[in-house]
$ cat input_21.cif   # mmCIF, C-alpha atoms
data_input
#
loop_
_atom_site.label_atom_id
_atom_site.label_comp_id
_atom_site.auth_asym_id
_atom_site.auth_seq_id
_atom_site.Cartn_x
_atom_site.Cartn_y
_atom_site.Cartn_z
CA MET A 27 156.47 103.13 114.87
CA THR A 28 156.67 100.77 117.81
CA VAL A 29 157.63 97.99 115.44
CA ASP A 30 160.41 100.12 113.97
CA ALA A 31 161.67 101.12 117.41
CA GLY A 32 161.48 97.49 118.47
CA SER A 33 163.54 96.26 115.55
CA LEU A 34 166.02 99.08 116.08
CA ALA A 35 166.36 98.16 119.76
CA THR A 36 166.84 94.53 118.74
CA LYS A 37 169.56 95.55 116.32
CA VAL A 38 171.31 97.65 118.97
CA VAL A 39 171.24 94.84 121.54
CA ARG A 40 172.33 92.25 119.00
CA SER A 41 175.19 94.49 117.85
CA TRP A 42 176.44 94.75 121.42
CA VAL A 43 176.19 90.98 121.86
CA PHE A 44 177.99 90.48 118.53
CA LEU A 45 180.74 92.83 119.74
CA TYR A 46 181.44 91.32 123.13
CA THR A 47 181.24 87.74 121.89
CA ALA A 48 183.49 88.33 118.87
CA GLY A 49 186.57 86.15 118.83
CA LEU A 50 185.31 83.68 121.42
CA PRO A 51 185.21 79.94 120.78
CA ALA A 52 182.25 79.02 118.58
CA ASP A 53 180.20 77.24 121.25
CA ALA A 54 180.33 80.10 123.76
CA ARG A 55 179.80 82.73 121.07
CA LEU A 56 176.89 81.07 119.30
CA GLU A 57 175.14 79.99 122.49
CA ARG A 58 175.20 83.48 123.97
CA ARG A 59 173.95 85.04 120.72
CA ALA A 60 171.16 82.47 120.47
CA GLU A 61 170.17 83.05 124.11
CA ILE A 62 169.87 86.78 123.60
CA ASP A 63 168.03 86.37 120.28
CA CYS A 64 165.49 84.13 121.97
CA ASP A 65 165.22 86.48 124.96
CA LEU A 66 164.53 89.47 122.70
CA TRP A 67 161.95 87.56 120.70
CA GLU A 68 160.14 86.46 123.87
CA HIS A 69 160.40 89.97 125.31
CA PHE A 70 158.71 91.67 122.36
CA SER A 71 156.18 88.87 121.86
CA ASP A 72 155.09 89.12 125.51
CA ALA A 73 154.87 92.90 125.21
CA ASP A 74 152.65 92.57 122.12
CA ARG A 75 150.46 89.93 123.73
CA GLU A 76 150.02 91.93 126.93
CA GLY A 77 149.43 95.20 125.09
CA ASP A 78 152.28 97.11 126.72
CA ALA A 79 152.45 100.85 126.15
CA PRO A 80 154.29 101.83 122.95
CA GLY A 81 157.96 102.30 123.65
CA HIS A 82 157.83 100.62 127.03
CA ALA A 83 159.09 97.30 125.72
CA VAL A 84 161.81 99.08 123.78
CA ARG A 85 163.02 101.01 126.83
CA GLU A 86 162.90 97.86 128.91
CA ALA A 87 164.89 95.82 126.38
CA LEU A 88 167.55 98.50 126.05
CA GLY A 89 167.63 98.98 129.83
CA ARG A 90 168.13 95.27 130.41
CA SER A 91 170.99 95.27 127.94
CA VAL A 92 172.68 98.37 129.39
CA ARG A 93 172.33 97.21 133.01
CA GLY A 94 173.96 93.93 132.01
CA VAL A 95 177.04 95.48 130.38
CA PRO A 96 179.34 95.04 133.42
CA ALA A 97 178.28 91.39 133.73
CA ASP A 98 178.77 90.93 129.97
CA LEU A 99 182.33 92.23 130.25
CA PHE A 100 183.09 90.02 133.24
CA TRP A 101 181.62 87.06 131.39
CA ARG A 102 183.83 87.87 128.42
CA LEU A 103 186.89 87.95 130.66
CA GLU A 104 185.83 84.67 132.24
CA GLN A 105 185.84 83.04 128.81
CA ARG A 106 189.56 83.76 128.64
CA GLY A 107 190.10 81.46 131.54
CA VAL A 108 187.29 79.04 131.02
CA ARG A 109 186.81 77.18 134.24
CA GLN A 110 185.66 73.74 133.44
CA ARG A 111 184.52 71.13 135.87
CA VAL A 112 186.09 67.94 134.68
CA PRO A 113 186.75 64.73 136.52
CA SER A 114 190.43 64.12 137.06
CA VAL A 115 191.72 60.72 135.95
CA LEU A 116 192.61 59.89 139.54
CA GLY A 117 189.45 61.38 140.97
CA ALA A 118 187.15 59.68 138.50
CA THR A 119 188.53 56.24 139.13
CA LYS A 120 189.47 56.28 142.80
CA GLN A 121 187.91 59.10 144.69
CA GLY A 122 185.07 60.19 142.45
CA ARG A 123 186.00 63.78 143.03
CA ILE A 124 185.13 66.49 140.57
CA VAL A 125 187.83 69.09 140.59
CA ASN A 126 187.92 72.55 139.24
CA ALA A 127 190.20 72.62 136.23
CA SER A 128 192.35 75.66 135.99
CA VAL A 129 193.87 76.89 132.77
CA ALA A 130 197.23 78.30 131.99
CA HIS A 131 197.91 80.82 129.31
CA LYS A 132 201.41 80.11 128.06
CA GLY A 133 202.00 83.40 126.27
CA PHE A 134 200.61 85.36 129.19
CA ILE A 135 202.85 83.58 131.68
CA GLY A 136 205.93 83.91 129.50
CA VAL A 137 205.57 87.61 128.85
CA ALA A 138 204.60 88.32 132.46
CA LEU A 139 207.68 86.52 133.77
CA VAL A 140 210.03 88.30 131.34
CA PHE A 141 208.32 91.57 132.16
CA ALA A 142 208.57 91.11 135.91
CA ALA A 143 212.22 90.04 135.74
CA LEU A 144 213.15 92.95 133.49
CA SER A 145 211.28 95.40 135.67
CA VAL A 146 212.84 94.21 138.90
CA THR A 147 216.28 94.39 137.31
CA LEU A 148 215.69 97.91 136.03
CA VAL A 149 214.33 99.18 139.32
CA LEU A 150 217.06 97.58 141.40
CA SER A 151 219.87 98.68 139.13
CA ASN A 152 218.60 102.24 139.32
CA ALA A 153 217.97 102.21 143.02
CA LEU A 154 221.26 100.60 143.98
CA ALA A 155 223.46 102.54 141.59
CA ALA A 156 225.67 104.91 143.56
CA ASP A 157 225.28 108.02 141.50
CA ASP A 158 224.45 111.59 142.37
CA ALA A 159 221.06 111.45 140.69
CA TRP A 160 219.57 110.28 143.98
CA VAL A 161 218.96 113.55 145.74
CA ILE A 162 216.22 112.21 147.95
CA GLY A 163 218.48 110.60 150.54
CA GLU A 164 218.67 107.03 151.76
CA TYR A 165 215.15 106.99 153.15
CA GLY A 166 213.75 108.35 149.89
CA ARG A 167 215.75 105.80 147.97
CA SER A 168 214.25 102.97 150.05
CA VAL A 169 210.77 104.31 149.42
CA ALA A 170 211.52 104.57 145.70
CA VAL A 171 212.74 100.98 145.60
CA LEU A 172 209.56 99.83 147.34
CA ILE A 173 207.41 101.85 144.95
CA GLY A 174 209.29 100.36 142.02
CA ILE A 175 209.22 96.79 143.27
CA GLY A 176 205.57 96.98 144.35
CA PRO A 177 204.21 96.69 140.80
CA ALA A 178 206.61 93.85 140.00
CA VAL A 179 205.36 91.98 143.07
CA THR A 180 201.79 92.73 141.96
CA ILE A 181 202.56 91.21 138.55
CA LEU A 182 204.05 88.05 140.02
CA GLY A 183 201.26 87.76 142.58
CA GLY A 184 198.66 88.24 139.84
CA LEU A 185 200.41 85.63 137.73
CA LEU A 186 200.16 83.10 140.54
CA ALA A 187 196.56 84.10 141.26
CA SER A 188 195.63 83.68 137.59
CA PHE A 189 195.91 79.89 137.90
CA ARG A 190 192.98 79.84 140.30
CA ALA A 191 191.21 83.11 139.57
CA PRO A 192 191.93 84.20 135.98
CA ILE A 193 190.06 87.49 136.26
CA VAL A 194 191.62 88.66 139.52
CA GLY A 195 195.03 87.52 138.32
CA GLY A 196 194.67 89.25 134.96
CA ILE A 197 193.58 92.49 136.58
CA ALA A 198 196.45 92.40 139.10
CA VAL A 199 198.99 91.75 136.35
CA SER A 200 197.57 94.58 134.23
CA VAL A 201 197.58 97.04 137.13
CA GLY A 202 201.16 96.17 138.03
CA ALA A 203 202.26 96.39 134.41
CA VAL A 204 200.66 99.77 133.82
CA ALA A 205 202.15 101.15 137.05
CA LEU A 206 205.60 100.00 136.00
CA ALA A 207 205.18 101.35 132.51
CA VAL A 208 204.48 104.77 134.01
CA LEU A 209 207.44 104.56 136.38
CA LEU A 210 209.78 103.30 133.68
CA SER A 211 208.32 105.04 130.65
CA TRP A 212 211.79 106.24 129.63
CA THR A 213 212.86 102.66 128.87
CA ILE A 214 210.37 102.37 125.98
CA VAL A 215 210.72 98.58 126.19
CA VAL A 216 208.63 98.37 129.35
CA PRO A 217 205.67 100.37 127.97
CA VAL A 218 205.70 98.22 124.83
CA LEU A 219 205.78 95.05 126.91
CA THR A 220 202.95 96.48 128.99
CA LEU A 221 200.82 96.84 125.89
CA VAL A 222 201.57 93.24 124.92
CA LEU A 223 200.81 92.02 128.43
CA VAL A 224 197.53 93.89 128.81
CA SER A 225 196.49 92.72 125.32
CA LEU A 226 197.17 89.13 126.35
CA CYS A 227 194.88 89.67 129.33
CA LEU A 228 192.06 90.73 127.04
CA VAL A 229 192.53 88.59 123.96
CA PRO A 230 190.98 85.13 124.17
CA ALA A 231 193.75 82.64 124.49
CA ARG A 232 194.21 79.11 123.34
CA GLN A 233 194.37 77.43 126.68
CA ARG A 234 195.29 74.04 127.90
CA PRO A 235 193.05 72.73 130.66
CA ARG A 236 195.02 71.51 133.64
CA THR A 237 193.45 69.15 136.04
CA ILE A 238 194.25 69.61 139.68
CA THR A 239 194.12 66.36 141.54
CA SER A 240 194.85 67.55 145.05
CA MET B 9 160.40 83.39 130.24
CA ILE B 10 162.76 83.30 133.21
CA ALA B 11 163.29 87.04 132.87
CA LYS B 12 159.52 87.59 132.76
CA ARG B 13 159.02 85.62 135.98
CA ILE B 14 161.80 87.53 137.74
CA LYS B 15 160.54 90.87 136.44
CA ASN B 16 157.33 90.47 138.38
CA ARG B 17 159.25 90.36 141.64
CA GLU B 18 160.12 93.91 142.53
CA GLU B 19 163.22 93.09 144.60
CA ALA B 20 164.74 90.98 141.82
CA ARG B 21 164.31 93.28 138.84
CA LEU B 22 168.04 93.94 138.57
CA LEU B 23 168.57 90.27 137.79
CA THR B 24 166.71 90.63 134.52
CA ALA B 25 169.63 92.45 132.89
CA HIS B 26 170.81 90.24 130.03
CA GLY B 27 174.41 89.96 131.19
CA THR B 28 173.50 89.36 134.83
CA LEU B 29 170.83 86.78 134.08
CA TYR B 30 172.75 84.61 131.62
CA ARG B 31 175.97 84.83 133.59
CA ALA B 32 174.11 83.66 136.70
CA LEU B 33 172.50 80.80 134.78
CA ASP B 34 175.90 79.81 133.36
CA ARG B 35 177.40 79.72 136.82
CA MET B 36 174.59 77.67 138.28
CA ARG B 37 174.95 75.25 135.40
CA GLU B 38 178.70 74.98 135.97
CA MET B 39 178.02 74.36 139.67
CA GLY B 40 175.69 71.53 138.78
CA LEU B 41 172.59 73.27 140.14
CA LEU B 42 170.94 73.48 136.72
CA GLU B 43 170.90 71.41 133.58
CA SER B 44 170.10 72.87 130.22
CA ARG B 45 169.38 71.76 126.70
CA TRP B 46 168.35 73.49 123.50
CA GLU B 47 164.92 72.56 122.29
CA ALA B 48 164.58 70.82 118.94
CA ALA B 49 164.97 73.16 116.01
CA THR B 50 161.80 71.75 114.44
CA SER B 51 159.58 72.86 117.36
CA ALA B 52 160.91 76.38 117.18
CA ALA B 53 160.66 76.51 113.40
CA ALA B 54 157.06 75.34 113.54
CA GLU B 55 156.21 78.36 115.67
CA HIS B 56 158.43 80.74 113.66
CA ARG B 57 160.57 81.72 116.63
CA PRO B 58 164.18 81.21 117.80
CA ARG B 59 165.08 78.07 119.72
CA ARG B 60 164.66 78.20 123.48
CA ARG B 61 167.21 77.02 125.96
CA LEU B 62 165.40 74.89 128.49
CA TYR B 63 166.65 74.75 132.06
CA LYS B 64 165.93 72.15 134.71
CA VAL B 65 166.86 72.35 138.39
CA THR B 66 168.99 69.36 139.40
CA GLY B 67 168.77 67.43 142.65
CA ALA B 68 171.77 69.37 143.94
CA GLY B 69 170.01 72.60 142.96
CA VAL B 70 166.88 71.64 144.90
CA GLU B 71 169.00 70.90 147.98
CA VAL B 72 170.88 74.18 147.75
CA LEU B 73 167.63 76.10 147.35
CA ALA B 74 166.08 74.36 150.35
CA THR B 75 169.15 75.16 152.46
CA ALA B 76 169.10 78.78 151.31
CA ARG B 77 165.42 79.17 152.13
CA ALA B 78 165.95 77.75 155.61
CA ARG B 79 168.73 80.22 156.38
CA PRO B 80 167.35 83.31 158.13
CA SER B 81 170.09 85.55 156.73
CA MET B 82 168.95 84.88 153.17
CA PRO B 83 167.12 87.69 151.35
CA ALA B 84 163.35 87.46 151.45
CA ILE B 85 163.21 86.65 147.74
CA LEU B 86 165.08 83.40 148.28
CA ARG B 87 163.04 82.41 151.33
CA ARG B 88 159.73 82.86 149.52
CA LYS B 89 158.38 79.87 147.66
CA PRO B 90 157.54 80.60 144.03
CA ALA B 91 153.91 80.81 143.05
CA SER B 92 152.70 77.77 141.16
CA PRO B 93 152.86 78.30 137.39
#
$ encode --input "input_21.cif" --output "structure tokens"
Amino acid sequence: MTVDAGSLATKVVRSWVFLYTAGLPADARLERRAEIDCDLWEHFSDADREGDAPGHAVREALGRSVRGVPADLFWRLEQRGVRQRVPSVLGATKQGRIVNASVAHKGFIGVALVFAALSVTLVLSNALAADDAWVIGEYGRSVAVLIGIGPAVTILGGLLASFRAPIVGGIAVSVGAVALAVLLSWTIVVPVLTLVLVSLCLVPARQRPRTITS
Amino acid sequence: MIAKRIKNREEARLLTAHGTLYRALDRMREMGLLESRWEAATSAAAEHRPRRRLYKVTGAGVEVLATARARPSMPAILRRKPASP
């Protein structure tokens, strides 16, 4: 029974690993799966050798997997913006400096820029239009403009941040995009663009390493 | 094996979570504190088990660990020297 529970636990953990590594580049995907396979094998072998109570090893293996879920998800997001340490041409030959390479996601940047520009235009055109729909007065209008522009600024700020900190940048862009989609849901275009943008944050991208020499 | 060592230290049990452990090892490797290699497939096959990833602390890693141990604000677990294997 312990053996059955053990193999079931192994299957559950391996399924989770299979899920969160799916779609990643082969080296990252296969290495993580191999690491966990080896870990599980060692875990159950040790438990057998040490005569652990039935079920204890199973609970422990599942617990270790569950407790690691947040870190797994962060790791997955990190793979989108793989930070490589590569020597820059200049650094390798003259200064011997190893710099942190940052990566740029072309599609992500393009859509985010279009999205931010469109959103700012929509918010400003609404806020500045002199029509009677604004029944909240000048002060209310100023607040509304700020509320509308806030997410756009968040998107642009996140976009800039994504060059150095892909996760923080991606989260900021997603938060700004979702906020704007809610504010401008009537436009239909913005919510659709939001879906595209948030998907680009999650989907592994083909990225071009950029070496920073400064 | 790393997880088993950590598990025996009460204050570090949380680090044994799969995601936490391998993410931390990845980061230390990227920072140049650890080196790793996969053992030869033949050794693993001979013992009918999956291949192990073998880690080695680099010179930079030893320095960082020594600095961390010397710092009084570091958690007790980092200040304590590991028991000999």
$ resolve_selection --input "input_21.cif" --expression "the PyMOL selection byres ((chain B and resi 46) around 9)" --output "PyMOL selection string"
chain B and resi 44-45+47-49+59-63
$ closest_atom_pairs --input "input_21.cif" --of "chain B" --to "chain A" --cutoff "7 Å" --atoms "only C-alpha atoms" --output "CSV"
residue,atom,partner,partner_atom,distance
B:Thr24,CA,A:Arg90,CA,6.4
B:Ala25,CA,A:Arg90,CA,4.0
B:His26,CA,A:Gly94,CA,5.2
B:Gly27,CA,A:Gly94,CA,4.1
B:Thr28,CA,A:Ala97,CA,5.3
B:Arg31,CA,A:Trp101,CA,6.5
B:Glu38,CA,A:Arg111,CA,7.0
B:Pro58,CA,A:Cys64,CA,5.3
B:Arg59,CA,A:Cys64,CA,6.5
B:Arg60,CA,A:Cys64,CA,6.2
B:Arg61,CA,A:Glu61,CA,7.0
$ atom_distance --input "input_21.cif" --atom1 "atom CA of Pro177 of chain A" --atom2 "atom CA of Gly202 of chain A"
4.2 Å
$ residues_around --input "input_21.cif" --residues "Ala203 of chain A" --least-positions-apart "2" --cutoff "10 Å" --atoms "all atoms listed in the file" --output "ChimeraX atom specification"
/A:138,141-142,145,177-178,180-181,197-201,205-209,216-217,219-221,223-224
$ atom_distance --input "input_21.cif" --atom1 "atom CA of Val140 of chain A" --atom2 "atom CA of Leu50 of chain A"
27.0 Å
$ atom_distance --input "input_21.cif" --atom1 "atom CA of Val70 of chain B" --atom2 "atom CA of Met36 of chain B"
11.8 Å
